[in-house]
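> Just one file: entry18.pdb, with PDB, C-alpha atoms.
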ATOM      1  CA  MET A   1      87.404 206.537 299.873
ATOM      2  CA  THR A   2      84.677 209.072 300.659
ATOM      3  CA  ILE A   3      81.325 208.077 302.129
ATOM      4  CA  SER A   4      79.629 208.754 298.796
ATOM      5  CA  GLU A   5      82.057 206.432 296.982
ATOM      6  CA  ASN A   6      81.445 203.653 299.485
ATOM      7  CA  LEU A   7      77.692 204.070 299.186
ATOM      8  CA  ARG A   8      77.967 204.024 295.406
ATOM      9  CA  GLY A   9      80.140 200.914 295.576
ATOM     10  CA  SER A  10      77.678 199.154 297.864
ATOM     11  CA  LEU A  11      74.815 200.068 295.518
ATOM     12  CA  PHE A  12      76.754 198.619 292.589
ATOM     13  CA  MET A  13      77.256 195.405 294.587
ATOM     14  CA  VAL A  14      73.522 195.173 295.351
ATOM     15  CA  VAL A  15      72.703 195.680 291.668
ATOM     16  CA  SER A  16      75.290 193.052 290.709
ATOM     17  CA  MET A  17      73.764 190.496 293.072
ATOM     18  CA  ALA A  18      70.328 191.300 291.654
ATOM     19  CA  GLY A  19      71.611 190.608 288.148
ATOM     20  CA  PHE A  20      73.112 187.248 289.101
ATOM     21  CA  THR A  21      70.051 186.192 291.116
ATOM     22  CA  ILE A  22      67.487 187.194 288.482
ATOM     23  CA  ASN A  23      69.573 185.208 286.004
ATOM     24  CA  ASP A  24      69.275 182.219 288.348
ATOM     25  CA  ALA A  25      65.508 182.655 288.565
ATOM     26  CA  LEU A  26      65.148 182.835 284.765
ATOM     27  CA  VAL A  27      67.302 179.725 284.333
ATOM     28  CA  LYS A  28      65.274 177.846 286.955
ATOM     29  CA  PHE A  29      62.072 178.842 285.170
ATOM     30  CA  ALA A  30      63.459 177.787 281.776
ATOM     31  CA  ALA A  31      64.637 174.459 283.214
ATOM     32  CA  GLU A  32      61.000 173.596 283.881
ATOM     33  CA  GLN A  33      60.439 173.595 280.108
ATOM     34  CA  MET A  34      63.673 171.991 278.832
ATOM     35  CA  ASN A  35      66.669 170.053 280.118
ATOM     36  CA  LEU A  36      69.663 171.765 281.680
ATOM     37  CA  GLY A  37      71.995 170.884 278.806
ATOM     38  CA  GLN A  38      69.798 172.838 276.432
ATOM     39  CA  VAL A  39      69.591 175.728 278.896
ATOM     40  CA  MET A  40      73.390 175.817 279.193
ATOM     41  CA  LEU A  41      73.858 175.665 275.422
ATOM     42  CA  VAL A  42      71.354 178.349 274.425
ATOM     43  CA  ARG A  43      72.185 180.760 277.231
ATOM     44  CA  GLY A  44      75.862 180.046 276.668
ATOM     45  CA  LEU A  45      75.662 180.938 272.988
ATOM     46  CA  PHE A  46      74.294 184.356 273.865
ATOM     47  CA  ALA A  47      76.728 184.863 276.756
ATOM     48  CA  THR A  48      79.745 183.727 274.735
ATOM     49  CA  THR A  49      78.855 186.060 271.870
ATOM     50  CA  LEU A  50      78.556 189.018 274.229
ATOM     51  CA  ILE A  51      81.796 188.192 276.074
ATOM     52  CA  VAL A  52      83.730 187.686 272.814
ATOM     53  CA  LEU A  53      82.527 191.051 271.522
ATOM     54  CA  LEU A  54      83.501 192.726 274.789
ATOM     55  CA  ALA A  55      86.902 191.005 274.839
ATOM     56  CA  TRP A  56      87.534 191.989 271.218
ATOM     57  CA  HIS A  57      86.615 195.593 271.981
ATOM     58  CA  GLN A  58      89.005 195.630 274.959
ATOM     59  CA  GLY A  59      91.826 194.032 272.955
ATOM     60  CA  ALA A  60      91.882 190.886 275.101
ATOM     61  CA  LEU A  61      91.966 188.507 272.120
ATOM     62  CA  ARG A  62      95.378 189.544 270.794
ATOM     63  CA  ALA A  63      97.090 186.471 272.271
ATOM     64  CA  PRO A  64      94.502 183.649 272.050
ATOM     65  CA  GLN A  65      97.184 180.997 272.724
ATOM     66  CA  LEU A  66      97.110 182.049 276.387
ATOM     67  CA  VAL A  67      93.858 180.096 276.845
ATOM     68  CA  PHE A  68      95.985 176.919 276.824
ATOM     69  CA  HIS A  69      97.797 177.954 280.016
ATOM     70  CA  PRO A  70      97.270 175.184 282.639
ATOM     71  CA  MET A  71      95.788 177.608 285.181
ATOM     72  CA  VAL A  72      93.259 178.862 282.613
ATOM     73  CA  ALA A  73      92.248 175.270 281.855
ATOM     74  CA  LEU A  74      91.976 174.391 285.553
ATOM     75  CA  ARG A  75      89.867 177.459 286.233
ATOM     76  CA  ALA A  76      87.556 176.614 283.318
ATOM     77  CA  MET A  77      87.107 173.072 284.631
ATOM     78  CA  GLY A  78      86.336 174.392 288.109
ATOM     79  CA  GLU A  79      83.763 176.772 286.656
ATOM     80  CA  LEU A  80      82.259 174.027 284.501
ATOM     81  CA  CYS A  81      81.773 171.600 287.388
ATOM     82  CA  ALA A  82      80.466 174.393 289.627
ATOM     83  CA  THR A  83      77.939 175.380 286.961
ATOM     84  CA  VAL A  84      76.660 171.863 286.298
ATOM     85  CA  PHE A  85      76.233 171.030 289.993
ATOM     86  CA  TYR A  86      74.725 174.430 290.740
ATOM     87  CA  LEU A  87      72.125 174.209 287.976
ATOM     88  CA  LEU A  88      71.191 170.645 288.913
ATOM     89  CA  ALA A  89      70.610 171.790 292.496
ATOM     90  CA  LEU A  90      68.775 174.926 291.345
ATOM     91  CA  GLN A  91      66.392 172.855 289.240
ATOM     92  CA  GLN A  92      65.334 170.735 292.214
ATOM     93  CA  MET A  93      65.550 173.118 295.188
ATOM     94  CA  PRO A  94      64.101 176.496 296.189
ATOM     95  CA  ILE A  95      66.325 179.248 294.812
ATOM     96  CA  ALA A  96      66.758 180.761 298.288
ATOM     97  CA  ASN A  97      68.118 177.487 299.699
ATOM     98  CA  VAL A  98      70.662 177.122 296.890
ATOM     99  CA  SER A  99      71.673 180.760 297.271
ATOM    100  CA  ALA A 100      72.089 180.323 301.022
ATOM    101  CA  VAL A 101      74.474 177.391 300.562
ATOM    102  CA  LEU A 102      76.434 179.409 297.991
ATOM    103  CA  GLN A 103      76.984 182.154 300.568
ATOM    104  CA  ALA A 104      79.505 179.812 302.196
ATOM    105  CA  LEU A 105      81.840 180.387 299.254
ATOM    106  CA  PRO A 106      83.985 183.123 300.905
ATOM    107  CA  LEU A 107      84.490 180.779 303.870
ATOM    108  CA  ALA A 108      85.489 177.957 301.524
ATOM    109  CA  VAL A 109      87.949 180.246 299.723
ATOM    110  CA  THR A 110      89.498 181.305 303.031
ATOM    111  CA  MET A 111      89.875 177.661 304.044
ATOM    112  CA  GLY A 112      91.312 176.715 300.659
ATOM    113  CA  ALA A 113      93.779 179.613 300.750
ATOM    114  CA  ALA A 114      95.038 178.392 304.123
ATOM    115  CA  LEU A 115      95.256 174.719 303.160
ATOM    116  CA  PHE A 116      96.610 174.980 299.618
ATOM    117  CA  LEU A 117      98.147 178.439 299.203
ATOM    118  CA  GLY A 118      99.847 178.681 302.580
ATOM    119  CA  GLU A 119      98.007 181.835 303.664
ATOM    120  CA  ARG A 120      97.901 182.464 307.383
ATOM    121  CA  VAL A 121      94.479 182.015 308.975
ATOM    122  CA  GLY A 122      94.172 182.521 312.736
ATOM    123  CA  TRP A 123      92.074 180.455 315.104
ATOM    124  CA  ARG A 124      89.254 183.014 315.117
ATOM    125  CA  ARG A 125      88.740 182.668 311.380
ATOM    126  CA  TRP A 126      88.983 178.875 311.625
ATOM    127  CA  MET A 127      86.193 179.041 314.213
ATOM    128  CA  ALA A 128      84.159 181.287 311.900
ATOM    129  CA  ILE A 129      84.628 178.791 309.059
ATOM    130  CA  ALA A 130      83.498 175.917 311.297
ATOM    131  CA  VAL A 131      80.443 177.864 312.470
ATOM    132  CA  GLY A 132      79.621 178.881 308.902
ATOM    133  CA  PHE A 133      79.656 175.316 307.643
ATOM    134  CA  THR A 134      77.504 174.344 310.611
ATOM    135  CA  GLY A 135      74.980 176.770 309.143
ATOM    136  CA  VAL A 136      75.292 174.983 305.807
ATOM    137  CA  MET A 137      74.589 171.659 307.497
ATOM    138  CA  ILE A 138      71.479 173.131 309.126
ATOM    139  CA  ILE A 139      70.197 174.025 305.660
ATOM    140  CA  VAL A 140      71.233 170.712 304.088
ATOM    141  CA  ARG A 141      69.884 168.698 307.077
ATOM    142  CA  PRO A 142      71.625 165.383 306.425
ATOM    143  CA  GLY A 143      69.789 162.513 308.095
ATOM    144  CA  PHE A 144      66.574 164.461 308.730
ATOM    145  CA  ASP A 145      63.156 164.325 307.050
ATOM    146  CA  GLY A 146      63.729 167.651 305.300
ATOM    147  CA  PHE A 147      66.951 166.408 303.697
ATOM    148  CA  ASN A 148      67.217 167.042 299.958
ATOM    149  CA  ALA A 149      70.022 165.116 298.263
ATOM    150  CA  PHE A 150      70.337 167.885 295.697
ATOM    151  CA  ALA A 151      71.612 170.138 298.485
ATOM    152  CA  LEU A 152      74.813 168.090 298.356
ATOM    153  CA  LEU A 153      75.170 169.153 294.713
ATOM    154  CA  ALA A 154      74.946 172.779 295.828
ATOM    155  CA  LEU A 155      77.712 172.040 298.330
ATOM    156  CA  LEU A 156      79.828 170.468 295.560
ATOM    157  CA  SER A 157      79.239 173.621 293.532
ATOM    158  CA  VAL A 158      80.692 175.655 296.410
ATOM    159  CA  GLY A 159      83.771 173.433 296.422
ATOM    160  CA  PHE A 160      84.382 173.788 292.696
ATOM    161  CA  SER A 161      83.666 177.529 292.846
ATOM    162  CA  ALA A 162      86.348 177.815 295.527
ATOM    163  CA  LEU A 163      88.725 175.923 293.222
ATOM    164  CA  ARG A 164      87.873 178.431 290.474
ATOM    165  CA  ASP A 165      88.546 181.441 292.699
ATOM    166  CA  LEU A 166      91.772 180.069 294.133
ATOM    167  CA  THR A 167      92.975 179.219 290.624
ATOM    168  CA  THR A 168      92.093 182.747 289.509
ATOM    169  CA  ARG A 169      94.548 184.085 292.071
ATOM    170  CA  ARG A 170      97.281 181.937 290.508
ATOM    171  CA  LEU A 171      96.695 183.148 286.958
ATOM    172  CA  PRO A 172      99.701 184.964 285.435
ATOM    173  CA  THR A 173      99.209 188.723 285.348
ATOM    174  CA  HIS A 174      99.773 188.827 281.580
ATOM    175  CA  VAL A 175      96.662 186.708 280.921
ATOM    176  CA  PRO A 176      93.705 189.099 280.310
ATOM    177  CA  SER A 177      90.712 188.461 282.567
ATOM    178  CA  LEU A 178      88.311 188.749 279.638
ATOM    179  CA  LEU A 179      90.239 186.103 277.712
ATOM    180  CA  VAL A 180      89.803 183.768 280.672
ATOM    181  CA  SER A 181      86.083 184.544 280.679
ATOM    182  CA  VAL A 182      85.878 183.786 276.957
ATOM    183  CA  ALA A 183      87.562 180.398 277.440
ATOM    184  CA  THR A 184      85.289 179.573 280.371
ATOM    185  CA  ALA A 185      82.115 180.576 278.545
ATOM    186  CA  ILE A 186      83.043 178.429 275.542
ATOM    187  CA  VAL A 187      83.777 175.385 277.728
ATOM    188  CA  VAL A 188      80.474 175.714 279.636
ATOM    189  CA  THR A 189      78.506 176.205 276.401
ATOM    190  CA  LEU A 190      80.058 173.184 274.690
ATOM    191  CA  CYS A 191      79.401 171.057 277.762
ATOM    192  CA  GLY A 192      75.741 172.061 277.593
ATOM    193  CA  GLY A 193      75.611 170.837 274.001
ATOM    194  CA  PHE A 194      77.084 167.451 274.988
ATOM    195  CA  LEU A 195      74.579 167.070 277.857
ATOM    196  CA  ILE A 196      71.435 167.637 275.775
ATOM    197  CA  VAL A 197      71.018 164.025 274.594
ATOM    198  CA  PRO A 198      71.933 162.309 277.911
ATOM    199  CA  LEU A 199      69.472 164.571 279.747
ATOM    200  CA  GLY A 200      66.536 163.805 277.456
ATOM    201  CA  GLY A 201      67.093 165.436 274.078
ATOM    202  CA  TRP A 202      66.197 168.715 272.438
ATOM    203  CA  THR A 203      62.916 170.436 273.323
ATOM    204  CA  PRO A 204      61.356 172.703 270.643
ATOM    205  CA  MET A 205      61.714 176.313 271.746
ATOM    206  CA  THR A 206      59.385 179.250 271.398
ATOM    207  CA  ALA A 207      60.490 182.839 270.910
ATOM    208  CA  GLY A 208      59.669 183.340 274.589
ATOM    209  CA  HIS A 209      62.112 180.615 275.626
ATOM    210  CA  VAL A 210      64.867 182.121 273.488
ATOM    211  CA  GLY A 211      64.178 185.589 274.837
ATOM    212  CA  LEU A 212      64.254 184.271 278.411
ATOM    213  CA  LEU A 213      67.693 182.717 278.004
ATOM    214  CA  ALA A 214      69.005 185.720 276.096
ATOM    215  CA  ALA A 215      67.905 187.925 279.002
ATOM    216  CA  ALA A 216      69.649 185.554 281.440
ATOM    217  CA  ALA A 217      72.880 185.876 279.442
ATOM    218  CA  VAL A 218      72.658 189.668 279.461
ATOM    219  CA  LEU A 219      72.049 189.635 283.224
ATOM    220  CA  LEU A 220      75.204 187.560 283.740
ATOM    221  CA  LEU A 221      77.292 190.232 282.029
ATOM    222  CA  PHE A 222      75.296 192.921 283.815
ATOM    223  CA  GLY A 223      76.151 191.365 287.179
ATOM    224  CA  TYR A 224      79.776 190.849 286.181
ATOM    225  CA  GLN A 225      80.205 194.480 285.134
ATOM    226  CA  PHE A 226      78.614 195.884 288.278
ATOM    227  CA  ILE A 227      80.669 193.721 290.627
ATOM    228  CA  ILE A 228      83.803 195.093 288.952
ATOM    229  CA  MET A 229      82.470 198.631 289.337
ATOM    230  CA  SER A 230      81.702 198.002 293.018
ATOM    231  CA  MET A 231      85.233 196.793 293.746
ATOM    232  CA  ARG A 232      86.755 199.769 291.948
ATOM    233  CA  THR A 233      84.510 202.368 293.594
ATOM    234  CA  GLY A 234      84.456 201.694 297.345
ATOM    235  CA  ASP A 235      86.587 200.203 300.100
ATOM    236  CA  ILE A 236      86.415 196.424 299.841
ATOM    237  CA  SER A 237      85.780 196.075 303.586
ATOM    238  CA  PHE A 238      82.708 198.311 303.213
ATOM    239  CA  VAL A 239      81.411 196.958 299.902
ATOM    240  CA  ALA A 240      82.046 193.196 300.244
ATOM    241  CA  PRO A 241      79.344 192.494 302.886
ATOM    242  CA  PHE A 242      76.681 193.706 300.473
ATOM    243  CA  ARG A 243      77.362 190.534 298.489
ATOM    244  CA  TYR A 244      74.998 188.829 300.933
ATOM    245  CA  THR A 245      72.054 190.804 299.529
ATOM    246  CA  ALA A 246      71.965 188.001 296.931
ATOM    247  CA  LEU A 247      70.172 185.971 299.585
ATOM    248  CA  LEU A 248      67.485 188.640 299.992
ATOM    249  CA  TRP A 249      66.973 188.765 296.223
ATOM    250  CA  ALA A 250      66.734 184.962 296.134
ATOM    251  CA  ILE A 251      64.121 184.844 298.908
ATOM    252  CA  MET A 252      62.021 187.525 297.194
ATOM    253  CA  LEU A 253      62.230 185.984 293.714
ATOM    254  CA  GLY A 254      61.620 182.487 295.070
ATOM    255  CA  TYR A 255      58.395 183.672 296.670
ATOM    256  CA  LEU A 256      57.185 185.812 293.756
ATOM    257  CA  MET A 257      58.050 183.413 290.910
ATOM    258  CA  PHE A 258      57.801 179.953 292.491
ATOM    259  CA  GLY A 259      55.771 180.416 295.670
ATOM    260  CA  ASP A 260      58.649 179.241 297.883
ATOM    261  CA  VAL A 261      58.459 180.198 301.559
ATOM    262  CA  PRO A 262      61.716 179.746 303.540
ATOM    263  CA  ASP A 263      61.425 177.356 306.481
ATOM    264  CA  LEU A 264      62.985 177.876 309.915
ATOM    265  CA  ALA A 265      66.060 175.738 309.212
ATOM    266  CA  MET A 266      66.867 177.721 306.067
ATOM    267  CA  ILE A 267      66.488 181.044 307.901
ATOM    268  CA  VAL A 268      68.617 179.972 310.891
ATOM    269  CA  GLY A 269      71.299 178.425 308.669
ATOM    270  CA  SER A 270      71.435 181.539 306.496
ATOM    271  CA  ILE A 271      71.857 183.830 309.490
ATOM    272  CA  ILE A 272      74.732 181.681 310.750
ATOM    273  CA  ILE A 273      76.458 181.602 307.347
ATOM    274  CA  VAL A 274      76.132 185.347 306.772
ATOM    275  CA  GLY A 275      77.220 186.137 310.326
ATOM    276  CA  SER A 276      80.294 183.918 309.963
ATOM    277  CA  GLY A 277      81.154 185.506 306.627
ATOM    278  CA  LEU A 278      80.868 189.018 308.016
ATOM    279  CA  TYR A 279      83.033 188.114 311.008
ATOM    280  CA  THR A 280      85.630 186.599 308.673
ATOM    281  CA  LEU A 281      85.729 189.823 306.657
ATOM    282  CA  TYR A 282      86.180 191.772 309.898
ATOM    283  CA  ARG A 283      89.045 189.542 311.044
ATOM    284  CA  GLU A 284      90.737 189.788 307.646
ATOM    285  CA  ARG A 285      90.640 193.549 307.877
ATOM    286  CA  ALA A 286      92.019 193.425 311.426
ATOM    287  CA  SER A 287      94.852 191.072 310.462
ATOM    288  CA  ALA A 288      95.660 192.841 307.179
ATOM    289  CA  THR A 289      95.040 189.730 305.041
ATOM    290  CA  ALA A 290      92.219 189.258 302.600
ATOM    291  CA  PRO A 291      91.522 185.853 301.082
ATOM    292  CA  ALA A 292      87.771 185.992 301.639
ATOM    293  CA  ALA A 293      87.555 189.668 300.779
ATOM    294  CA  GLN A 294      89.343 188.967 297.526
ATOM    295  CA  SER A 295      86.839 186.209 296.825
ATOM    296  CA  THR A 296      84.170 188.881 296.627
ATOM    297  CA  SER A 297      86.169 190.706 293.959
ATOM    298  CA  PRO A 298      85.523 190.356 290.205
ATOM    299  CA  ALA A 299      87.016 186.851 290.398
ATOM    300  CA  MET A 300      83.952 185.861 292.424
ATOM    301  CA  ALA A 301      81.623 186.666 289.538
ATOM    302  CA  PRO A 302      80.438 183.304 288.211
ATOM    303  CA  ASP A 303      81.131 183.102 284.480
ATOM    304  CA  GLY A 304      78.870 180.113 283.969
ATOM    305  CA  LEU A 305      76.424 180.063 286.873
TER
END
Show me this structure written as structure tokens.

Amino acid sequence: MTISENLRGSLFMVVSMAGFTINDALVKFAAEQMNLGQVMLVRGLFATTLIVLLAWHQGALRAPQLVFHPMVALRAMGELCATVFYLLALQQMPIANVSAVLQALPLAVTMGAALFLGERVGWRRWMAIAVGFTGVMIIVRPGFDGFNAFALLALLSVGFSALRDLTTRRLPTHVPSLLVSVATAIVVTLCGGFLIVPLGGWTPMTAGHVGLLAAAAVLLLFGYQFIIMSMRTGDISFVAPFRYTALLWAIMLGYLMFGDVPDLAMIVGSIIIVGSGLYTLYRERASATAPAAQSTSPAMAPDGL
């Protein structure tokens, strides 16, 4: 890859993270007006429509029976649980804090690949994983006055997101990625519909509410497309670290939209997590293996978050 290609790829990654994070901010704002089930349903209807149209255009719907493959179902369930826990945490916590916890996902994928897929992980990367999750604990602060129980939901979201990404790597090659995305989007949308009544019932919506959630759905696809472009344009070892710009977007949007100012624990924990993730990427490149790097590939793009 040339320098210009790497720079272009890194720019695409930054834009992708902006799309995902702005989507998060819009969803958090909408969740102040209605329950999360309704948010998931309405946004999901827009997102599912867009993904189905894209999949149809790409010819990914020619074998719809493939959605019943066990790995597709397991991935959809992982995405569903990750989405529900993530949105519950996002509703109750500053967006930057939730985003910081989510940055531990590449570390969780590396750990999961070693424990469940038999991939070799040396002691240096195990140390990086341990240090990274220490950073998560600093943000979560269990047992301290600043502890927010909803931070544990963000941590559960990381676990289920890791399950989703590890399952993605076990999908048969003949199953189109867009077909998997269609199945996932439908499952998340239907779950939102089922959650409306238990979470308080339907709230009348204005045109502004509808437009907000439609924009969030478009931003999801926007982020998804640009993360694919980033992985196809530059060297993964150069482009992948720019995934952490999501945290910068989250801090900025949290301050501008919700008046959130990061505290010292969040800043220190974030630095530790990002540093551990970058070191893990470096070690993967040095050892010619890439579980965490692959977790920043298009499979990392959250279909439902």
> Would you compute the distance between CA of Ser237 in chain A and CA of Leu7 in chain A? Give it in Å to one decimal.
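Answer for the CA of Ser237 in chain A to CA of Leu7 in chain A separation: 12.2 Å.
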> Which residues, named as in the file, does the PyMOL selection byres ((chain A and resi 176-181) around 8) pick out? Answer as a VMD selection string.
chain A and resid 51 54 to 55 60 to 61 64 67 72 76 173 to 175 182 to 185 303
> Provide the CA of Ala151 in chain A to CA of Cys81 in chain A distance in Å, to one decimal place.
15.1 Å
> Taking 3 positions as the minimum chain separation for residues in the same chain, which residues sit within 6 Å of range 214-225 of chain A when counting all atoms listed in the file? Answer as a CSV table (one decimal) with C-alpha atoms, in the frame of the given file.

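And here is the file that came out, result_8.csv:
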chain,number,residue,atom,x,y,z
A,16,SER,CA,75.3,193.1,290.7
A,19,GLY,CA,71.6,190.6,288.1
A,20,PHE,CA,73.1,187.2,289.1
A,23,ASN,CA,69.6,185.2,286.0
A,43,ARG,CA,72.2,180.8,277.2
A,46,PHE,CA,74.3,184.4,273.9
A,47,ALA,CA,76.7,184.9,276.8
A,211,GLY,CA,64.2,185.6,274.8
A,228,ILE,CA,83.8,195.1,289.0
A,301,ALA,CA,81.6,186.7,289.5
> Can you work out which one of A:Val239, A:Ile22, A:Leu107, A:Ala63 has the shortest atom-to-atom distance to Arg8 in chain A, counting only C-alpha atoms?
A:Val239
> Taking all atoms of range 91-105 of chain A that appear in the file, build a box with edges along x, y and z, extend it by 5 Å on every side, and state its centre and edge lengths in Å to one decimal, as JSON.

{"center_x": 73.0, "center_y": 176.4, "center_z": 295.7, "size_x": 27.7, "size_y": 21.4, "size_z": 23.0}
> Just give me the gap between CA of Leu102 in chain A and CA of Pro198 in chain A in Å, one decimal is fine.
26.8 Å
> Name the closest residue to Thr110 in chain A among the candidates A:Leu80, A:Val42, A:Gly159, A:Leu88; distances are taken between atoms, counting all atoms listed in the file.
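Comparing A:Leu80, A:Val42, A:Gly159, A:Leu88 against Thr110 in chain A, the winner is A:Gly159.
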> Between A:Leu247, A:Leu213, A:Met17, A:Val268, which residue has the minimum interatomic distance to Ala30 in chain A, considering all atoms listed in the file?
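Among the listed residues, A:Leu213 lies closest to Ala30 in chain A.
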> With 10 Å as the threshold, what does the neighbourhood of (86.3, 177.5, 300.4) contain in terms of residues, counting all atoms listed in the file? Coordinates are those of the file; answer as an MDAnalysis selection string.
chainID A and resid 104:115 129 158:163 165:166 291:292 295
> Determine the nearest neighbour of Val261 in chain A from the options A:Val14, A:Ile95, A:Met77, A:Met127, counting all atoms listed in the file.
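Among A:Val14, A:Ile95, A:Met77, A:Met127, it is A:Ile95 that comes nearest to Val261 in chain A.
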> Find the residues around Ile272 in chain A up to 10 Å (only C-alpha atoms counted), leave out those fewer than 4 positions away in its own chain, and share them as a PyMOL selection string.
chain A and resi 104+128+131-136+138+266-268+276-278
> Please determine, counting all atoms listed in the file, which residue among A:Ala246, A:Ile236, A:Ala100, A:Leu45 has the shortest atom-to-atom distance to Ile271 in chain A.
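Closest to Ile271 in chain A, using all atoms listed in the file: A:Ala100.
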> Could you tell me which residues the PyMOL selection byres ((chain A and resi 39) around 10) returns for this structure, as a PyMOL selection string?
chain A and resi 27-28+30-31+33-38+40-45+87+189+192-193+196+209-210+213
> Looking at A:Tyr244, A:Trp202, A:Phe238, A:Phe29, which one is nearest to Gln91 in chain A, with distances taken over all atoms listed in the file?
A:Phe29
> Care to translate the PyMOL selection byres ((chain A and resi 122) around 12) into actual residues of this file, as a short mmCIF file (atom, residue, chain, number, x, y, z; two decimals) with C-alpha atoms, keeping the file's coordinate frame?

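That gives us expr-v9.cif:
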data_model
loop_
_atom_site.label_atom_id
_atom_site.label_comp_id
_atom_site.auth_asym_id
_atom_site.auth_seq_id
_atom_site.Cartn_x
_atom_site.Cartn_y
_atom_site.Cartn_z
CA THR A 110 89.50 181.30 303.03
CA MET A 111 89.88 177.66 304.04
CA ALA A 114 95.04 178.39 304.12
CA GLU A 119 98.01 181.84 303.66
CA ARG A 120 97.90 182.46 307.38
CA VAL A 121 94.48 182.02 308.98
CA TRP A 123 92.07 180.46 315.10
CA ARG A 124 89.25 183.01 315.12
CA ARG A 125 88.74 182.67 311.38
CA TRP A 126 88.98 178.88 311.62
CA MET A 127 86.19 179.04 314.21
CA ALA A 128 84.16 181.29 311.90
CA ILE A 129 84.63 178.79 309.06
CA THR A 280 85.63 186.60 308.67
CA ARG A 283 89.04 189.54 311.04
CA GLU A 284 90.74 189.79 307.65
CA ALA A 286 92.02 193.42 311.43
CA SER A 287 94.85 191.07 310.46
CA ALA A 288 95.66 192.84 307.18
CA THR A 289 95.04 189.73 305.04
#
> Using all atoms listed in the file, determine which residues lie at most 7 Å from Ala96 in chain A, disregarding the query and same-chain residues fewer than 6 positions distant; provide the list as a list in words.
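Contacts, with the query itself left out: Leu247, Ala250, Ile251 and Gly254 of chain A.
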